[in-house]
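Q: Please find protein.tsv (TSV, C-alpha atoms) on the next line:
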```tsv
chain	number	residue	atom	x	y	z
A	1	MET	CA	0.00	0.00	0.00
A	2	LEU	CA	2.78	2.44	0.87
A	3	GLU	CA	4.83	2.25	-2.32
A	4	PRO	CA	2.14	3.34	-4.81
A	5	LEU	CA	1.24	6.24	-2.55
A	6	VAL	CA	4.82	7.42	-2.17
A	7	ARG	CA	5.53	6.89	-5.88
A	8	ALA	CA	2.52	9.05	-6.76
A	9	ALA	CA	3.76	11.81	-4.43
A	10	LEU	CA	7.23	11.67	-5.96
A	11	LEU	CA	5.87	11.80	-9.50
A	12	GLU	CA	3.78	14.81	-8.55
A	13	ASP	CA	6.90	16.57	-7.28
A	14	LEU	CA	9.29	15.49	-10.05
A	15	GLY	CA	6.94	16.63	-12.80
A	16	ARG	CA	8.13	16.25	-16.39
A	17	ALA	CA	11.83	16.94	-16.01
A	18	GLY	CA	12.81	15.95	-12.47
A	19	ASP	CA	14.72	18.06	-9.96
A	20	ILE	CA	16.33	20.52	-12.34
A	21	THR	CA	17.79	22.58	-9.47
A	22	THR	CA	19.64	19.73	-7.80
A	23	ASP	CA	20.68	18.12	-11.08
A	24	ALA	CA	22.22	21.41	-12.23
A	25	ILE	CA	24.08	22.17	-9.03
A	26	VAL	CA	25.12	18.87	-7.42
A	27	PRO	CA	27.62	16.54	-9.17
A	28	ALA	CA	26.21	13.10	-9.89
A	29	GLY	CA	28.73	11.25	-7.74
A	30	GLN	CA	28.68	13.49	-4.68
A	31	GLN	CA	27.86	11.84	-1.35
A	32	ALA	CA	26.30	13.55	1.68
A	33	SER	CA	25.13	12.93	5.22
A	34	VAL	CA	22.01	14.64	6.59
A	35	VAL	CA	19.76	14.38	9.61
A	36	LEU	CA	16.03	14.58	10.17
A	37	ALA	CA	15.73	16.89	13.17
A	38	ALA	CA	12.79	18.02	15.30
A	39	ARG	CA	12.27	21.77	15.30
A	40	GLN	CA	9.64	21.59	18.02
A	41	PRO	CA	8.52	19.09	20.67
A	42	GLY	CA	6.15	16.33	19.63
A	43	VAL	CA	5.70	12.68	18.74
A	44	VAL	CA	7.16	11.20	15.57
A	45	ALA	CA	5.24	9.06	13.07
A	46	GLY	CA	5.76	8.21	9.42
A	47	LEU	CA	9.42	7.24	9.24
A	48	ASP	CA	8.74	4.26	6.97
A	49	LEU	CA	7.23	6.60	4.39
A	50	ALA	CA	10.14	9.01	4.64
A	51	ALA	CA	12.63	6.18	4.19
A	52	LEU	CA	10.69	4.84	1.22
A	53	ALA	CA	10.61	8.24	-0.47
A	54	PHE	CA	14.40	8.46	-0.35
A	55	ARG	CA	14.89	4.82	-1.34
A	56	LEU	CA	12.64	5.13	-4.39
A	57	ILE	CA	14.69	8.10	-5.56
A	58	ASP	CA	17.99	6.27	-4.98
A	59	PRO	CA	18.27	2.80	-3.43
A	60	ALA	CA	21.80	3.64	-2.28
A	61	ILE	CA	20.45	6.01	0.39
A	62	GLU	CA	20.61	4.51	3.89
A	63	MET	CA	18.63	5.74	6.87
A	64	LYS	CA	19.52	5.01	10.49
A	65	VAL	CA	16.66	5.75	12.88
A	66	ALA	CA	17.43	7.18	16.32
A	67	LYS	CA	13.85	7.96	17.38
A	68	PRO	CA	11.36	5.35	16.08
A	69	ASP	CA	7.69	6.09	15.49
A	70	GLY	CA	5.88	6.84	18.73
A	71	SER	CA	8.94	8.45	20.33
A	72	ARG	CA	8.64	11.73	22.19
A	73	LEU	CA	10.74	14.50	20.68
A	74	GLU	CA	12.31	17.64	22.07
A	75	THR	CA	13.43	20.55	19.94
A	76	GLY	CA	16.72	19.68	18.26
A	77	ASP	CA	16.42	15.91	18.63
A	78	VAL	CA	17.92	13.94	15.76
A	79	ILE	CA	15.24	11.55	14.56
A	80	ALA	CA	17.29	9.79	11.88
A	81	THR	CA	20.52	10.07	9.95
A	82	LEU	CA	20.67	9.56	6.18
A	83	ARG	CA	23.73	8.90	4.06
A	84	GLY	CA	24.10	8.42	0.35
A	85	PRO	CA	24.03	10.22	-3.01
A	86	ALA	CA	23.49	13.93	-2.39
A	87	ARG	CA	21.20	14.31	-5.38
A	88	GLY	CA	18.81	11.68	-4.06
A	89	LEU	CA	18.77	13.19	-0.58
A	90	LEU	CA	17.86	16.63	-1.89
A	91	THR	CA	15.33	15.38	-4.43
A	92	GLY	CA	13.47	13.17	-1.97
A	93	GLU	CA	13.50	15.72	0.86
A	94	ARG	CA	10.14	17.41	0.37
A	95	VAL	CA	8.03	14.30	-0.20
A	96	ALA	CA	9.64	12.58	2.77
A	97	LEU	CA	9.03	15.58	4.99
A	98	ASN	CA	5.47	16.08	3.77
A	99	PHE	CA	4.53	12.61	4.98
A	100	LEU	CA	6.64	12.75	8.12
A	101	CYS	CA	5.51	16.18	9.28
A	102	HIS	CA	1.83	15.47	8.59
A	103	LEU	CA	1.72	12.13	10.38
A	104	SER	CA	3.88	13.38	13.25
A	105	GLY	CA	1.46	16.29	13.66
A	106	ILE	CA	-1.42	13.85	14.06
A	107	ALA	CA	0.56	11.73	16.51
A	108	THR	CA	1.48	14.84	18.50
A	109	ALA	CA	-2.10	16.11	18.65
A	110	THR	CA	-3.29	12.68	19.73
A	111	ALA	CA	-0.68	12.46	22.47
A	112	GLY	CA	-1.84	15.83	23.79
A	113	ILE	CA	-5.44	14.68	24.14
A	114	VAL	CA	-4.38	11.34	25.62
A	115	GLU	CA	-2.31	13.18	28.22
A	116	ALA	CA	-5.20	15.53	28.99
A	117	VAL	CA	-7.47	12.62	30.01
A	118	ARG	CA	-4.83	10.57	31.83
A	119	GLY	CA	-6.25	9.09	35.02
A	120	HIS	CA	-9.67	8.45	33.48
A	121	LYS	CA	-10.76	5.31	31.66
A	122	ALA	CA	-11.73	7.03	28.42
A	123	SER	CA	-9.79	6.03	25.30
A	124	ILE	CA	-9.19	8.61	22.58
A	125	VAL	CA	-10.35	7.43	19.15
A	126	CYS	CA	-10.24	8.95	15.69
A	127	THR	CA	-13.00	9.14	13.07
A	128	ARG	CA	-13.49	8.78	9.30
A	129	LYS	CA	-12.77	12.50	8.85
A	130	THR	CA	-9.51	11.75	7.07
A	131	THR	CA	-7.62	12.93	4.01
A	132	PRO	CA	-8.82	10.91	0.99
A	133	GLY	CA	-6.30	8.19	0.25
A	134	LEU	CA	-4.44	8.63	3.53
A	135	ARG	CA	-6.91	7.12	6.01
A	136	ALA	CA	-4.87	4.05	6.99
A	137	LEU	CA	-1.75	6.19	7.47
A	138	GLU	CA	-3.52	8.87	9.49
A	139	LYS	CA	-5.14	6.25	11.70
A	140	TYR	CA	-1.71	4.68	12.17
A	141	ALA	CA	-0.43	8.07	13.33
A	142	VAL	CA	-3.25	8.24	15.89
A	143	ARG	CA	-2.06	4.90	17.30
A	144	ALA	CA	1.53	6.16	17.35
A	145	GLY	CA	0.32	9.03	19.52
A	146	GLY	CA	-1.34	6.69	22.01
A	147	GLY	CA	-4.88	6.79	20.63
A	148	SER	CA	-7.09	4.08	19.19
A	149	ASN	CA	-9.00	3.69	15.95
A	150	HIS	CA	-12.72	3.91	15.32
A	151	ARG	CA	-14.13	2.51	12.07
A	152	PHE	CA	-11.77	2.32	9.11
A	153	GLY	CA	-14.71	2.35	6.72
A	154	LEU	CA	-18.43	1.98	6.29
A	155	ASP	CA	-18.14	-1.80	6.30
A	156	ASP	CA	-16.56	-2.15	9.75
A	157	ALA	CA	-19.68	-1.79	11.85
A	158	VAL	CA	-23.16	-0.27	11.86
A	159	LEU	CA	-23.23	3.34	13.05
A	160	ILE	CA	-26.76	4.73	12.90
A	161	LYS	CA	-26.61	8.54	12.88
A	162	ASP	CA	-29.25	11.26	12.94
A	163	ASN	CA	-29.84	11.25	9.17
A	164	HIS	CA	-30.29	7.48	9.13
A	165	ILE	CA	-32.88	7.83	11.90
A	166	ALA	CA	-34.70	10.67	10.15
A	167	ILE	CA	-34.85	8.92	6.78
A	168	SER	CA	-35.84	5.53	8.20
A	169	GLY	CA	-38.65	7.00	10.30
A	170	GLY	CA	-37.23	6.65	13.80
A	171	VAL	CA	-34.75	4.96	16.08
A	172	ARG	CA	-36.60	1.65	16.39
A	173	PRO	CA	-37.09	0.96	12.68
A	174	ALA	CA	-33.49	1.95	11.96
A	175	ILE	CA	-32.11	-0.47	14.55
A	176	GLU	CA	-34.48	-3.27	13.62
A	177	ARG	CA	-33.64	-3.02	9.92
A	178	ALA	CA	-29.93	-2.93	10.65
A	179	ARG	CA	-30.13	-5.99	12.87
A	180	ALA	CA	-32.14	-7.88	10.24
A	181	ASN	CA	-29.66	-7.15	7.48
A	182	VAL	CA	-26.18	-7.57	8.99
A	183	GLY	CA	-24.34	-10.60	10.28
A	184	HIS	CA	-24.41	-11.70	13.90
A	185	LEU	CA	-20.79	-10.57	14.42
A	186	VAL	CA	-21.42	-6.98	13.33
A	187	LYS	CA	-21.78	-4.49	16.18
A	188	ILE	CA	-24.42	-1.76	16.16
A	189	GLU	CA	-23.86	1.74	17.50
A	190	VAL	CA	-26.48	4.49	17.58
A	191	GLU	CA	-25.97	8.24	17.80
A	192	VAL	CA	-28.20	10.09	20.25
A	193	ASP	CA	-28.51	13.81	20.97
A	194	THR	CA	-30.77	13.70	24.01
A	195	LEU	CA	-31.35	11.60	27.10
A	196	GLU	CA	-34.85	10.85	25.79
A	197	GLN	CA	-33.38	9.30	22.65
A	198	LEU	CA	-30.92	7.39	24.79
A	199	ALA	CA	-33.70	5.92	26.92
A	200	GLU	CA	-35.41	4.56	23.80
A	201	VAL	CA	-32.17	3.17	22.37
A	202	LEU	CA	-31.41	1.35	25.61
A	203	THR	CA	-34.59	-0.68	25.22
A	204	LEU	CA	-33.32	-2.02	21.88
A	205	ASN	CA	-30.15	-3.83	22.99
A	206	VAL	CA	-27.45	-2.03	20.98
A	207	ASP	CA	-23.71	-2.49	21.44
A	208	ALA	CA	-22.68	1.15	21.74
A	209	VAL	CA	-24.17	4.62	21.99
A	210	LEU	CA	-22.63	7.75	20.50
A	211	LEU	CA	-23.44	10.65	22.82
A	212	ASP	CA	-23.20	13.62	20.48
A	213	ASN	CA	-22.55	17.20	21.56
A	214	MET	CA	-23.69	16.70	25.15
A	215	SER	CA	-22.41	18.80	28.03
A	216	PRO	CA	-20.20	17.04	30.59
A	217	GLU	CA	-23.09	17.11	33.05
A	218	THR	CA	-25.46	15.48	30.56
A	219	LEU	CA	-22.79	12.95	29.63
A	220	ALA	CA	-22.46	11.94	33.26
A	221	ARG	CA	-26.23	11.40	33.46
A	222	ALA	CA	-26.10	9.39	30.24
A	223	VAL	CA	-23.34	7.14	31.57
A	224	LYS	CA	-25.46	6.44	34.67
A	225	MET	CA	-28.46	5.62	32.49
A	226	VAL	CA	-26.44	3.20	30.37
A	227	ASP	CA	-25.04	1.55	33.51
A	228	GLY	CA	-22.65	-0.70	31.58
A	229	ARG	CA	-25.27	-2.05	29.16
A	230	ALA	CA	-23.46	-0.55	26.15
A	231	ILE	CA	-20.18	1.14	25.29
A	232	THR	CA	-20.46	4.89	25.71
A	233	GLU	CA	-18.75	7.22	23.24
A	234	ALA	CA	-18.68	11.01	23.48
A	235	SER	CA	-18.18	13.25	20.46
A	236	GLY	CA	-18.43	16.90	19.54
A	237	ARG	CA	-16.29	19.95	20.36
A	238	VAL	CA	-13.49	17.88	21.86
A	239	ASN	CA	-10.16	19.66	22.30
A	240	PRO	CA	-7.39	19.61	24.92
A	241	ALA	CA	-9.28	22.19	27.00
A	242	THR	CA	-12.59	20.26	27.06
A	243	ALA	CA	-11.34	16.68	27.04
A	244	LEU	CA	-10.75	16.35	30.77
A	245	ALA	CA	-14.30	17.30	31.73
A	246	ILE	CA	-15.67	14.94	29.08
A	247	ALA	CA	-13.51	12.09	30.34
A	248	ALA	CA	-14.55	12.79	33.93
A	249	SER	CA	-18.15	11.97	32.96
A	250	GLY	CA	-17.13	8.31	32.84
A	251	VAL	CA	-17.52	7.63	29.12
A	252	ASP	CA	-15.59	4.74	27.59
A	253	LEU	CA	-14.49	6.50	24.40
A	254	ILE	CA	-13.97	10.05	23.20
A	255	SER	CA	-13.94	10.45	19.42
A	256	VAL	CA	-11.99	13.40	18.01
A	257	GLY	CA	-12.35	14.26	14.34
A	258	TRP	CA	-9.84	17.11	14.22
A	259	LEU	CA	-6.95	14.76	15.00
A	260	THR	CA	-6.99	13.66	11.37
A	261	HIS	CA	-8.67	16.56	9.57
A	262	SER	CA	-7.12	19.60	11.22
A	263	ALA	CA	-4.05	18.74	13.30
A	264	PRO	CA	-1.12	21.05	12.43
A	265	ILE	CA	2.07	19.51	11.14
A	266	LEU	CA	5.01	18.87	13.41
A	267	ASP	CA	7.95	20.94	12.16
A	268	ILE	CA	10.74	18.55	11.16
A	269	GLY	CA	13.67	19.59	8.99
A	270	LEU	CA	16.38	17.97	6.90
A	271	ASP	CA	19.75	19.43	7.89
A	272	THR	CA	23.28	18.68	6.82
A	273	ALA	CA	25.06	16.54	9.40
A	274	ALA	CA	27.73	18.16	11.53
```
In structure tokens, how does this file's structure come out?
A:
Amino acid sequence: MLEPLVRAALLEDLGRAGDITTDAIVPAGQQASVVLAARQPGVVAGLDLAALAFRLIDPAIEMKVAKPDGSRLETGDVIATLRGPARGLLTGERVALNFLCHLSGIATATAGIVEAVRGHKASIVCTRKTTPGLRALEKYAVRAGGGSNHRFGLDDAVLIKDNHIAISGGVRPAIERARANVGHLVKIEVEVDTLEQLAEVLTLNVDAVLLDNMSPETLARAVKMVDGRAITEASGRVNPATALAIAASGVDLISVGWLTHSAPILDIGLDTAA
């Protein structure tokens, strides 16, 4: 899966004529040593993609990793050292860093939320709000940051949301139709916006309830109502400032869409080795 993705990114960058700057300036046989260095604190993820980007440009490039995926970084930390043909190192730099900085940003954002809820049972999970074509990689970055994954796709499990309920004519028919049409191993989760909806759903024996955009106080009441009969998942307006209060409600999961759709990159640079 990785190679076609990285090849496509390289082809996008190389265009029709390749790296005309590097090819004009750097002699073909010149060797170099460079480092991938953290320019801010965070958590690294995506080193396999970075290594592949360089290797596809020139198989002679070697990368020695000092800080593997999932490692905590401080400003100035050397993440990896690369040695090999200078042209390949310069040509592969941007694609390698694009993947590495993006995925490390997701891992860093995830680690921040995980730390914010430490001491509570809630697990931090991602959503399907991912960059098209990069879902598996972005969900990997969430795991590298200490989070867990929600559905990878529409075929993983049944998640009945507000529009499903509205179009099907109510919570009960939606759940009954889902149960009649999926296999016995498929779990069913239902999104609810109010405690009244939750009370109805709890009479229908579902596996999980998605408590959407509820205040921490309402979440705590919802958790008491569920009383262990289903997995409880909170979503909506989750950020490092709100996560602790949400976790304190006692929910099992907190889903955070912005981890994959809006997390800023982690600034990582390619520098010549000392």
Q: As a list of chain:residue names, please: the residues near Ile231 in chain A (cut-off 9 Å, all atoms listed in the file, same-chain neighbours under 3 positions excluded).
A: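 Once the nearby chain positions are removed, what remains is A:Glu189, A:Asp207, A:Ala208, A:Val209, A:Leu210, A:Val226, A:Gly228, A:Val251, A:Asp252, A:Leu253.
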Q: Kindly list the centre and edge lengths in Å, rounded to one decimal, for the axis-aligned box that covers all listed atoms of range 64-71 of chain A plus 8 Å on each of its six sides, as JSON.
A:
```
{"center_x": 12.7, "center_y": 6.7, "center_z": 15.4, "size_x": 29.6, "size_y": 19.4, "size_z": 25.8}
```
Q: Range 79-154 of chain A near range 59-63 of chain A within 6 Å: what's each residue's closest atom pair and its distance in Å to one decimal, counting only C-alpha atoms, ordered by chain then ascending residue number, as a tab-separated table?
A:
```
residue	atom	partner	partner_atom	distance
A:Thr81	CA	A:Met63	CA	5.6
A:Leu82	CA	A:Met63	CA	4.4
A:Arg83	CA	A:Glu62	CA	5.4
A:Gly84	CA	A:Ile61	CA	4.4
```
Q: For each of A:Thr232, A:Thr91, A:Ser249, A:Ser33, take the minimum atom-to-atom distance to Val206 in chain A, counting all atoms listed in the file, then give the residue where this is smallest.
A: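 Answer, going by the shortest atom-to-atom distance: A:Thr232.
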Q: Compare A:Pro173, A:Gly88, A:Ile79, A:Lys139 by their minimum atom-to-atom distance to Ala38 in chain A, counting only C-alpha atoms, and give me the closest one.
A: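 Residue with the minimum atom-to-atom distance to Ala38 in chain A: A:Ile79.
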Q: From the options A:Leu73, A:Ala53, A:Ala178, A:Leu90, which residue's atoms come nearest to Ala111 in chain A, counting only C-alpha atoms?
A: A:Leu73
Q: Which residues are near Met225 in chain A? Cut-off 9 Å, all atoms listed in the file, ignore same chain within fewer than 4 positions. Put them as a PyMOL selection string.
A: chain A and resi 195+198-199+202+220-221+229
